[in-house]
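Here is the structure we will look at.
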Amino acid sequence: MSELRSLFVKLKIKKENLDRFLTAALTPPVPDEDWTSWWDSRDMYSKSPLKEIPMAFQKTNGAVIESCVNTKETISQEKWEEGVYYFVSGFFSENFYEILPMLAVLKSAALYMEPGDEGVAIIYDYFWGGQDVLAHLELKAGQATLKHTNLTSQIDKKVLTESNKMIQDVIDAISSDDDD
């Protein structure tokens, strides 16, 4: 049985550009070389070729993120802190087909970034203690690249440490809210 994976997003982006990204309509994803080479690098059962990337049902990028934040079971939170936007979901998704719409949204953030901006998103097995990585996305101005990362040991240790801490903090905060 598959277990839900965690999502960590960190974008160093100007607030006004973040706001434009969050209020923008979804960008239809195109299965280009970046998408297909990443897809081909993934281990999965009954894999078919990536010919189409499903879009989320919401109208805007921000609404997609808010749908996670507003779904209590995902244990999700977003915050803006000193020029950096964070979005964390402790229990995001368990399969590749479900993560495609979110990856499409996150890849489109690069369209709103300026030179010097950067970002990262990882979907991995934090909560259950495994080492597998479903997706690893790196962003900079105008470019979002899906990395072929398979294990957490392949992720920059500083990024992974920050991700682990933030996910645990969100899980702890939401869990303590439930206890009240």
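Just so we're on the same page: first chain in the structure tokens is A, next is B, and so on; residues restart at 1 for each chain, and ligands are numbered from 1 in the order they show up.
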_Secondary structure check, strand (DSSP E or B) residues of chain A, as a PyMOL selection string_ = chain A and resi 5-12+25+60+76-81+84-93+118-124+132-140+143-146+151
Closest atom pairs, residues of region 14-95 of chain A within 9 Å of region 140-146 of chain A, only C-alpha atoms, as a Markdown table:
| residue | atom | partner | partner_atom | distance |
| --- | --- | --- | --- | --- |
| A:Asp34 | CA | A:Leu146 | CA | 6.4 |
| A:Trp35 | CA | A:Leu146 | CA | 6.9 |
| A:Ser37 | CA | A:Leu146 | CA | 8.7 |
| A:Trp38 | CA | A:Leu146 | CA | 6.1 |
*Got a sec to tell me which of region 50-179 of chain A DSSP assigns to helix (DSSP H, G or I), as a ChimeraX atom specification?*
/A:61-69,72-74,96-112,152-154,157-179
*asked:* Just want the 10 Å neighbourhood of Pro28 (chain A), counted on only C-alpha atoms, with same-chain residues fewer than 3 positions away dropped. Output as a list in words.
replied: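 Near Pro28 (chain A), the qualifying residues are Ala25, Pro31, Ile53, Pro54, Met55, Ala56, Pro101, Ala104, Val105 and Ser108 of chain A.
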Would you save the residues from that selection as a compact mmCIF listing (two decimals), in the first residue's frame, using N, CA and C atoms?
# COMPACT_ATOMS: atom_id res chain seq x y z
N ALA A 25 -4.43 32.76 -13.60
CA ALA A 25 -5.12 31.55 -14.05
C ALA A 25 -4.09 30.45 -14.29
N PRO A 31 3.54 18.58 -22.16
CA PRO A 31 4.51 17.51 -21.88
C PRO A 31 5.74 17.62 -22.78
N ILE A 53 -0.81 16.09 -19.35
CA ILE A 53 -0.63 16.42 -17.93
C ILE A 53 -1.94 17.04 -17.46
N PRO A 54 -2.62 16.38 -16.52
CA PRO A 54 -3.90 16.92 -16.07
C PRO A 54 -3.72 18.24 -15.32
N MET A 55 -4.70 19.11 -15.50
CA MET A 55 -4.71 20.38 -14.78
C MET A 55 -5.57 20.25 -13.53
N ALA A 56 -5.29 21.07 -12.56
CA ALA A 56 -6.12 21.14 -11.36
C ALA A 56 -7.50 21.69 -11.75
N PRO A 101 -0.88 17.74 -11.43
CA PRO A 101 -1.46 19.08 -11.46
C PRO A 101 -0.72 20.08 -10.56
N ALA A 104 2.52 21.09 -12.18
CA ALA A 104 2.26 22.05 -13.25
C ALA A 104 2.11 23.46 -12.69
N VAL A 105 1.37 23.58 -11.59
CA VAL A 105 1.20 24.89 -10.94
C VAL A 105 2.56 25.41 -10.48
N SER A 108 4.89 26.68 -13.14
CA SER A 108 4.50 27.98 -13.70
C SER A 108 4.97 29.16 -12.84
*asked:* For region 82-99 of chain A, find every residue with an atom within 7 Å (counting only C-alpha atoms), except residues of its own chain fewer than 4 positions away, and show them as a count of residues only.
replied: 22
*In terms of the shortest atom-to-atom distance over only C-alpha atoms, which of A:Leu106, A:Phe127, A:Gln58, A:Thr36 is closest to Asp172 (chain A)?*
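Of the candidates, the smallest distance to Asp172 (chain A) is held by A:Phe127.
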*Go through A:Ile65, A:Ala110, A:Leu26, A:Ile155 one by one, measure the shortest atom-to-atom distance of each to Gln131 (chain A) using only C-alpha atoms, and give the residue with the smallest value.*
A:Ile155
_A:Asp32, A:Lys157, A:Ala173, A:Thr152 ranked by distance to Tyr126 (chain A), top pick (using only C-alpha atoms)_ =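 Closest to Tyr126 (chain A), using only C-alpha atoms: A:Thr152.
Here CA of Thr71 (chain A) is placed at a distance of 18.3 Å from CA of Met166 (chain A).
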_Å distance separating CA of Ala63 (chain A) from CA of Met102 (chain A), one decimal place_ = 11.2 Å
_Using only C-alpha atoms: which of A:Glu73, A:Val120, A:Asp169, A:Ser176 has the shortest distance to Asp156 (chain A)_ = A:Val120
